[in-house]
Every structure is written in structure tokens, then in C-alpha cells.
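model_27.txt follows (compact mmCIF, C-alpha atoms):
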# COMPACT_ATOMS: atom_id res chain seq x y z
CA MET A 1040 79.15 223.66 -26.90
CA ASN A 1041 80.42 220.96 -24.57
CA GLU A 1042 77.91 221.90 -21.89
CA ILE A 1043 75.08 221.70 -24.39
CA ALA A 1044 76.11 218.15 -25.31
CA VAL A 1045 76.26 217.22 -21.61
CA ASP A 1046 72.82 218.78 -21.07
CA ILE A 1047 71.35 216.86 -24.00
CA VAL A 1048 72.72 213.53 -22.76
CA LEU A 1049 71.54 214.18 -19.21
CA LEU A 1050 68.06 215.17 -20.41
CA ALA A 1051 67.84 212.06 -22.60
CA LEU A 1052 68.83 209.87 -19.64
CA LEU A 1053 66.26 211.72 -17.51
CA ALA A 1054 63.51 210.95 -20.02
CA ALA A 1055 64.59 207.29 -20.30
CA THR A 1056 64.57 206.96 -16.51
CA ALA A 1057 61.11 208.50 -16.26
CA ILE A 1058 59.74 206.09 -18.87
CA ALA A 1059 61.35 203.15 -17.07
CA ILE A 1060 59.84 204.31 -13.75
CA ALA A 1061 56.41 204.46 -15.39
CA ARG A 1062 56.74 201.02 -16.98
CA LEU A 1063 58.36 198.94 -14.22
CA ARG A 1064 56.09 196.98 -11.88
CA ASN A 1065 58.64 196.10 -9.21
CA LEU A 1066 58.33 198.92 -6.71
CA PHE A 1067 61.78 198.42 -5.14
CA ALA A 1068 63.30 198.94 -8.57
CA VAL A 1069 61.12 202.03 -9.00
CA ALA A 1070 62.44 203.46 -5.72
CA MET A 1071 66.02 202.84 -6.86
CA LEU A 1072 65.33 204.45 -10.25
CA ALA A 1073 63.75 207.46 -8.55
CA SER A 1074 67.06 207.93 -6.78
CA VAL A 1075 68.85 207.80 -10.14
CA PHE A 1076 66.36 210.34 -11.48
CA SER A 1077 67.21 212.72 -8.63
CA LEU A 1078 70.94 212.32 -9.23
CA LEU A 1079 70.45 213.06 -12.94
CA ALA A 1080 68.39 216.14 -12.10
CA ALA A 1081 71.12 217.25 -9.69
CA GLY A 1082 73.73 216.89 -12.43
CA LEU A 1083 71.55 218.96 -14.73
CA PHE A 1084 71.15 221.66 -12.07
CA VAL A 1085 74.92 221.82 -11.60
CA SER A 1086 75.26 222.18 -15.36
CA LEU A 1087 72.79 225.10 -15.15
CA ASP A 1088 74.93 226.72 -12.38
CA ALA A 1089 72.27 226.17 -9.68
CA VAL A 1090 74.56 224.42 -7.22
CA ASP A 1091 72.38 225.04 -4.16
CA VAL A 1092 69.32 223.55 -5.83
CA ALA A 1093 71.39 220.62 -7.08
CA PHE A 1094 72.69 219.95 -3.61
CA THR A 1095 69.18 219.97 -2.13
CA GLU A 1096 67.96 217.70 -4.90
CA ALA A 1097 70.74 215.19 -4.31
CA ALA A 1098 70.32 215.20 -0.54
CA VAL A 1099 66.53 215.08 -0.47
CA GLY A 1100 65.70 213.23 -3.69
CA GLY A 1101 68.64 210.87 -3.85
CA GLY A 1102 69.09 210.27 -0.15
CA ILE A 1103 66.17 210.88 2.19
CA SER A 1104 63.18 210.33 -0.08
CA THR A 1105 64.57 206.99 -1.35
CA VAL A 1106 64.82 205.78 2.23
CA LEU A 1107 61.33 207.07 3.01
CA MET A 1108 59.98 205.31 -0.11
CA LEU A 1109 61.54 202.06 1.05
CA GLY A 1110 60.06 202.60 4.51
CA ALA A 1111 56.64 203.07 2.93
CA LEU A 1112 57.18 199.97 0.76
CA ALA A 1113 57.78 197.86 3.86
CA LEU A 1114 54.20 198.69 4.90
CA THR A 1115 52.61 197.89 1.54
CA THR A 1116 53.13 195.47 -1.34
CA ARG A 1117 56.18 195.20 -3.55
CA GLU A 1118 54.44 194.80 -6.89
CA GLU A 1119 52.36 197.44 -8.58
CA LYS A 1120 48.95 196.24 -9.77
CA LYS A 1121 48.09 196.38 -13.44
CA ALA A 1122 45.84 199.26 -14.39
CA SER A 1123 42.27 198.05 -14.64
CA ARG A 1124 41.12 200.80 -16.95
CA PRO A 1125 42.63 201.86 -20.26
CA THR A 1126 45.27 204.49 -19.72
CA TRP A 1127 45.03 206.46 -22.94
CA VAL A 1128 42.82 209.22 -21.48
CA PRO A 1129 45.40 210.16 -18.79
CA LEU A 1130 48.13 209.85 -21.42
CA LEU A 1131 46.27 212.25 -23.71
CA LEU A 1132 45.71 214.64 -20.81
CA CYS A 1133 49.41 214.58 -19.91
CA ALA A 1134 50.41 215.12 -23.55
CA VAL A 1135 48.06 218.10 -23.90
CA THR A 1136 49.24 219.63 -20.61
CA GLY A 1137 52.87 219.14 -21.60
CA ALA A 1138 52.27 220.70 -25.01
CA ALA A 1139 50.54 223.68 -23.35
CA LEU A 1140 53.48 224.14 -20.98
CA ILE A 1141 56.00 223.98 -23.83
CA TYR A 1142 53.86 226.50 -25.76
CA GLY A 1143 53.98 228.73 -22.68
CA THR A 1144 57.78 228.67 -22.63
CA LEU A 1145 57.93 230.06 -26.18
CA ASP A 1146 57.16 233.54 -24.85
CA MET A 1147 59.84 233.39 -22.18
CA PRO A 1148 63.06 235.38 -22.55
CA ARG A 1149 66.15 233.38 -23.44
CA PHE A 1150 67.90 231.49 -20.65
CA GLY A 1151 70.23 233.88 -18.86
CA ALA A 1152 69.25 236.89 -20.99
CA ALA A 1153 70.31 240.13 -19.33
CA ASP A 1154 67.19 242.07 -20.39
CA ALA A 1155 64.75 239.56 -18.91
CA PRO A 1156 62.27 241.11 -16.43
CA ALA A 1157 63.55 238.81 -13.68
CA GLN A 1158 67.05 240.26 -14.01
CA GLN A 1159 65.96 243.91 -13.86
CA HIS A 1160 63.75 244.15 -10.78
CA VAL A 1161 65.71 243.45 -7.59
CA ALA A 1162 68.60 241.42 -8.99
CA PRO A 1163 70.94 244.40 -9.71
CA ASP A 1164 70.32 245.63 -6.18
CA TYR A 1165 71.29 242.28 -4.69
CA ILE A 1166 74.35 242.02 -6.91
CA ALA A 1167 75.50 245.47 -5.84
CA ARG A 1168 74.76 245.14 -2.12
CA ALA A 1169 75.14 241.46 -1.22
CA MET A 1170 78.91 241.34 -0.84
CA PRO A 1171 79.44 244.55 1.22
CA GLU A 1172 76.33 243.99 3.35
CA THR A 1173 76.57 240.29 4.16
CA GLY A 1174 80.08 239.22 3.20
CA VAL A 1175 78.81 236.00 1.61
CA PRO A 1176 80.53 235.35 -1.74
CA ASN A 1177 77.58 233.39 -3.22
CA ILE A 1178 74.71 235.80 -3.89
CA VAL A 1179 72.05 233.07 -3.91
CA THR A 1180 73.18 231.94 -0.47
CA ALA A 1181 73.24 235.56 0.72
CA VAL A 1182 69.63 236.07 -0.44
CA LEU A 1183 68.43 232.78 1.06
CA ALA A 1184 70.20 232.93 4.39
CA SER A 1185 70.43 236.67 5.03
CA TYR A 1186 67.88 238.81 3.16
CA ARG A 1187 65.19 236.13 3.34
CA GLY A 1188 66.34 234.62 6.61
CA TYR A 1189 62.88 234.54 8.21
CA ASP A 1190 61.42 232.99 5.06
CA THR A 1191 64.06 230.25 5.13
CA LEU A 1192 63.42 229.70 8.83
CA GLY A 1193 59.70 229.23 8.09
CA GLU A 1194 60.48 226.79 5.28
CA THR A 1195 62.76 224.83 7.57
CA THR A 1196 60.00 224.64 10.18
CA VAL A 1197 57.50 223.37 7.60
CA ILE A 1198 59.92 220.74 6.32
CA PHE A 1199 60.76 219.65 9.87
CA ALA A 1200 57.05 219.25 10.69
CA ALA A 1201 56.44 217.31 7.47
CA ALA A 1202 59.42 215.03 8.10
CA THR A 1203 58.25 214.38 11.66
CA ALA A 1204 54.76 213.48 10.43
CA VAL A 1205 56.11 211.14 7.74
CA LEU A 1206 58.43 209.42 10.21
CA LEU A 1207 55.56 208.96 12.66
CA LEU A 1208 53.36 207.50 9.89
CA LEU A 1209 56.06 205.09 8.79
CA GLY A 1210 56.79 204.07 12.35
CA PHE A 1211 60.56 204.55 12.28
CA GLY A 1212 62.40 203.79 15.48
CA ARG A 1213 59.70 201.43 16.67
CA ARG A 1214 60.09 197.69 16.68
CA LYS A 1215 58.01 196.00 14.09
CA ARG A 1216 55.26 193.85 15.52
CA GLY A 1217 55.01 191.76 12.36
CA LYS A 1218 58.17 189.94 13.33
CA GLU A 1219 56.58 188.37 16.38
CA ARG A 1220 53.60 187.15 14.45
CA GLU A 1221 55.68 185.33 11.89
CA MET B 450 90.64 220.98 -22.45
CA THR B 451 90.31 218.20 -25.00
CA MET B 452 91.27 215.69 -22.33
CA ILE B 453 88.56 216.98 -19.99
CA ALA B 454 85.96 216.88 -22.75
CA ALA B 455 86.99 213.32 -23.64
CA SER B 456 86.77 212.29 -19.99
CA THR B 457 83.30 213.82 -19.77
CA ALA B 458 82.20 211.90 -22.85
CA GLY B 459 83.55 208.67 -21.39
CA LEU B 460 81.79 209.40 -18.11
CA LEU B 461 78.49 209.97 -19.89
CA ILE B 462 78.87 206.67 -21.74
CA ALA B 463 79.57 204.94 -18.43
CA MET B 464 76.44 206.57 -17.00
CA ILE B 465 74.38 205.22 -19.91
CA LEU B 466 75.75 201.70 -19.34
CA VAL B 467 75.02 201.87 -15.60
CA ILE B 468 71.50 203.14 -16.27
CA ILE B 469 70.89 200.25 -18.66
CA ARG B 470 71.97 197.87 -15.90
CA SER B 471 69.63 199.54 -13.43
CA PHE B 472 66.74 199.22 -15.90
CA ALA B 473 67.44 195.62 -16.79
CA GLY B 474 69.03 194.33 -13.58
CA PRO B 475 67.39 191.01 -12.83
CA THR B 476 67.94 191.08 -9.07
CA LEU B 477 67.51 193.90 -6.63
CA TYR B 478 71.20 193.97 -5.73
CA ASP B 479 72.12 194.69 -9.34
CA ARG B 480 69.97 197.79 -9.08
CA VAL B 481 71.37 198.87 -5.70
CA LEU B 482 74.89 198.50 -7.06
CA ALA B 483 73.94 200.35 -10.24
CA VAL B 484 72.50 203.26 -8.24
CA ASN B 485 75.62 203.38 -6.09
CA SER B 486 77.87 203.43 -9.17
CA PHE B 487 75.64 206.06 -10.70
CA GLY B 488 76.11 208.25 -7.64
CA THR B 489 79.86 207.90 -7.94
CA LEU B 490 79.68 208.79 -11.64
CA THR B 491 77.57 211.85 -10.77
CA VAL B 492 80.25 212.98 -8.32
CA LEU B 493 82.91 212.63 -11.02
CA LEU B 494 80.69 214.40 -13.55
CA ILE B 495 80.18 217.37 -11.21
CA GLY B 496 83.94 217.57 -10.68
CA LEU B 497 84.59 217.46 -14.41
CA LEU B 498 81.83 219.95 -15.22
CA GLY B 499 83.57 222.44 -12.96
CA PHE B 500 86.76 222.14 -14.97
CA LEU B 501 84.87 222.05 -18.27
CA THR B 502 83.26 225.42 -17.53
CA GLY B 503 86.51 226.80 -16.15
CA ARG B 504 85.21 227.26 -12.60
CA PRO B 505 86.38 224.37 -10.42
CA ASP B 506 84.73 225.83 -7.30
CA PHE B 507 82.28 222.98 -6.99
CA LEU B 508 84.77 220.31 -6.03
CA ASP B 509 83.86 220.50 -2.33
CA ILE B 510 80.21 220.03 -3.25
CA ALA B 511 81.18 216.93 -5.22
CA LEU B 512 82.84 215.67 -2.04
CA VAL B 513 79.63 216.18 -0.06
CA TYR B 514 77.76 214.30 -2.80
CA ALA B 515 80.14 211.40 -2.35
CA LEU B 516 79.36 211.35 1.38
CA ILE B 517 75.60 211.45 0.78
CA ASN B 518 75.89 208.67 -1.78
CA PHE B 519 77.81 206.47 0.64
CA VAL B 520 75.43 207.08 3.55
CA GLY B 521 72.41 206.56 1.29
CA THR B 522 73.70 203.21 0.03
CA ILE B 523 74.42 202.10 3.59
CA ALA B 524 70.87 203.11 4.58
CA VAL B 525 69.31 201.19 1.67
CA LEU B 526 71.38 198.07 2.35
CA LYS B 527 70.65 198.25 6.06
CA PHE B 528 66.99 198.52 5.23
CA PHE B 529 67.12 195.42 3.03
CA ARG B 530 68.90 193.54 5.76
CA TYR B 531 66.83 194.45 8.79
CA ARG B 532 63.58 195.69 7.21
CA LEU B 533 63.62 198.85 9.31
CA LEU B 534 65.94 201.79 9.82
CA GLY B 535 65.61 202.72 13.46
CA ARG B 536 67.05 200.58 16.25
CA ALA B 537 67.85 197.38 14.44
CA SER B 538 68.07 194.42 16.75
CA PRO B 539 70.62 192.12 15.13
CA GLY B 540 70.02 189.31 17.59
CA ARG B 541 66.49 188.75 16.39
CA THR B 542 66.49 189.59 12.75
CA PHE B 543 69.94 188.56 11.69
CA GLY B 544 70.03 186.43 8.58
CA GLU B 545 66.42 186.90 7.57
CA GLU B 546 66.85 187.88 3.97
CA GLN B 547 63.51 188.18 2.33
CA VAL B 548 64.38 190.30 -0.65
Starting from the coordinates I provided, produce the structure as C-alpha cells.
Amino acid sequence: MNEIAVDIVLLALLAATAIAIARLRNLFAVAMLASVFSLLAAGLFVSLDAVDVAFTEAAVGGGISTVLMLGALALTTREEKKASRPTWVPLLLCAVTGAALIYGTLDMPRFGAADAPAQQHVAPDYIARAMPETGVPNIVTAVLASYRGYDTLGETTVIFAAATAVLLLLGFGRRKRGKERE
Amino acid sequence: MTMIAASTAGLLIAMILVIIRSFAGPTLYDRVLAVNSFGTLTVLLIGLLGFLTGRPDFLDIALVYALINFVGTIAVLKFFRYRLLGRASPGRTFGEEQV
């Protein structure tokens, strides 16, 4: 009961933050609020027992991507321009897409239900074998780092390449030439 | 148990207040401070959620969150001060506050 109340409050704050991000014009404030959004999402993930995901969300969303956003902002303007066209068509499209997604969740099994198809395929196997085979107490970590080790290595390579490209685009570690011109 | 639930409720109210400040904050530094406080509140919330669900195994993760929050705030403030994150040259850019 308590967790449900916490979830509801966190989700409400998440929605309020998203609306504020959409409405604010000051892009520095938007970058700061995006960091808050990530922290809220991380809290929600912890509440849903997905600690690994929450940790990634806090490190990437709250830490690195905020800094990258600010680095990108230094290259562009600080104020968002007003939309020149009416925005009700995109709003309608988003509302319809969201309604379709919510309609799609109605068929899903209940959260954490034991007879869900996702829990009956390979999950019992992992639960039975993870501890004796790998010795890692957290099964999610065992799957990520041991059974799908090559997959995780590939993901890490992709993220490393993407981070390198973004850092090169933003020009980190290079002295800014704009200072001399001023 | 009641005490932990009450603390969680108080923490959530504090989070709401901090979020209002980060929405309304007239200057940028209000928002930076609000985000920093919000990170601290998230750390406390994760710690309390562990006790609320009876599994306080996540306390070490809350500690790592606190570290990330601190480093992130330092990075943001350094960025505002020097306008770049790599090799800052304090001799040339010191005192140029444009934000």
C-alpha cells in the first residue's frame, strides 16, 4: 500500500516535470529539469525493484546527459524559439499514440504475475542455475554479465563509440576559439 | 514501520517543494540548487524505500547515487563558470560570468 502511494506521487511528479519541460523556453532550465526527470525515473525504477536500470538511469540521465546537453547548449542559443505553426496536430497525434499504447497494455498480464509468458520461458532456468553456475547473488546481473556477456560487451562498444562521437562533435577538451574573438 | 512511512511522506512533500522551486526558480542558480537538493532527496528516498519494503540491500546503491549527484553538480557548476568542461584555463577565463 505504501509503495503504491510512493509510486503515484513519483508518477505525478514525473508528469508535472514533463509538462514543465515542454512549456519552459529557457533551455538551461530545461536541461536542469531533464536531470530531475531522470532522478524521478530512477526512483520509480527502484520502487519497481529494477535497481540496475535505476542506477544506469541516474548515472546516464542525471549525470552524463545533463552535462552533454549543457555542452551542446554552449554551441547554440539559450532560448527556445516560439513555434511558428499551430501545435494542435502534433498534440492530437501524441494523444492518439498514447491512447493506443495504453489500450495495448490492457491485454498484458498483471505486473509480476507468475503465469505471464515472460516468466515461463527461460526465467525458471536462470533462477535455478544462476547461483550455482555463476555465483552472482543478483540474477539480473548474472544474466547481463555472465550469460549475455558478449552481448553486454557489444553494447558497451556501441555506447563507447557513440560517446566518443558526441564528445568530438561538442569539442570537449579543446580550447574554445570564441574566447579570443571576444 | 509507521515512522518510516511518515518519513517517506515527509520526503515526498519535500520533493514536491523542491520541484516547485526548480519550475519557478527565477535565476539559474535556484534551479541548480534545486536539482542538487532533489538528488539528495532521491538518495534518501531510495534508502527509505529499502526499509519500507523490508529489504535494505540498496543502501550502497544510494551511496553511489550520492557520489554521482555530487560529481554532477560540480560538473554543472564548473561548466557555468568556465563555459567548457575539458582543460579549463583559469588564468584566462576567471571571473567571466555570463549566465
**Report entry** Spatial neighbours of Phe519 in chain B, max dist 10 Å, all atoms listed in the file, sep filter under 6 positions, as a PyMOL selection string
**Finding:** (chain A and resi 1102) or (chain B and resi 485+488-489+513)
**Report entry** Computed interatomic separation between CA of Leu493 in chain B and CA of Val1099 in chain A (Å)
**Finding:**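 Atom-to-atom, CA of Leu493 in chain B and CA of Val1099 in chain A are spaced 19.6 Å apart.
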With a distance threshold of 8 Å and counting all atoms listed in the file, extract the residues of chain A near chain B and express them as a CSV table (one decimal) with C-alpha atoms, in the frame of the given file.
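File produced: out_0.csv:
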chain,number,residue,atom,x,y,z
A,1041,ASN,CA,80.4,221.0,-24.6
A,1042,GLU,CA,77.9,221.9,-21.9
A,1045,VAL,CA,76.3,217.2,-21.6
A,1048,VAL,CA,72.7,213.5,-22.8
A,1052,LEU,CA,68.8,209.9,-19.6
A,1056,THR,CA,64.6,207.0,-16.5
A,1059,ALA,CA,61.4,203.2,-17.1
A,1067,PHE,CA,61.8,198.4,-5.1
A,1068,ALA,CA,63.3,198.9,-8.6
A,1071,MET,CA,66.0,202.8,-6.9
A,1072,LEU,CA,65.3,204.4,-10.2
A,1074,SER,CA,67.1,207.9,-6.8
A,1075,VAL,CA,68.8,207.8,-10.1
A,1078,LEU,CA,70.9,212.3,-9.2
A,1079,LEU,CA,70.4,213.1,-12.9
A,1082,GLY,CA,73.7,216.9,-12.4
A,1085,VAL,CA,74.9,221.8,-11.6
A,1086,SER,CA,75.3,222.2,-15.4
A,1090,VAL,CA,74.6,224.4,-7.2
A,1094,PHE,CA,72.7,220.0,-3.6
A,1097,ALA,CA,70.7,215.2,-4.3
A,1098,ALA,CA,70.3,215.2,-0.5
A,1101,GLY,CA,68.6,210.9,-3.8
A,1102,GLY,CA,69.1,210.3,-0.2
A,1103,ILE,CA,66.2,210.9,2.2
A,1106,VAL,CA,64.8,205.8,2.2
A,1109,LEU,CA,61.5,202.1,1.0
A,1110,GLY,CA,60.1,202.6,4.5
A,1113,ALA,CA,57.8,197.9,3.9
A,1211,PHE,CA,60.6,204.6,12.3
A,1212,GLY,CA,62.4,203.8,15.5
A,1213,ARG,CA,59.7,201.4,16.7
A,1214,ARG,CA,60.1,197.7,16.7
A,1215,LYS,CA,58.0,196.0,14.1
Report task. Choose the residue, out of A:Ala1051, A:Ala1081, A:Leu1063, A:Ile1166, that has the smallest atom-to-atom separation from Val1179 in chain A; count all atoms listed in the file. Result ->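 Comparing A:Ala1051, A:Ala1081, A:Leu1063, A:Ile1166 against Val1179 in chain A, the winner is A:Ile1166.
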**Report entry** Given only C-alpha atoms as the counted atoms, nearest of B:Leu460, B:Gly496, B:Asp506, B:Ala455 to Leu1049 in chain A
**Finding:**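 Of all the options, B:Leu460 lies closest to Leu1049 in chain A.
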Query raised in the report: Distance CA of Arg1064 in chain A-CA of Arg1117 in chain A, one decimal place?
Result: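 CA of Arg1064 in chain A sits 8.5 Å away from CA of Arg1117 in chain A.
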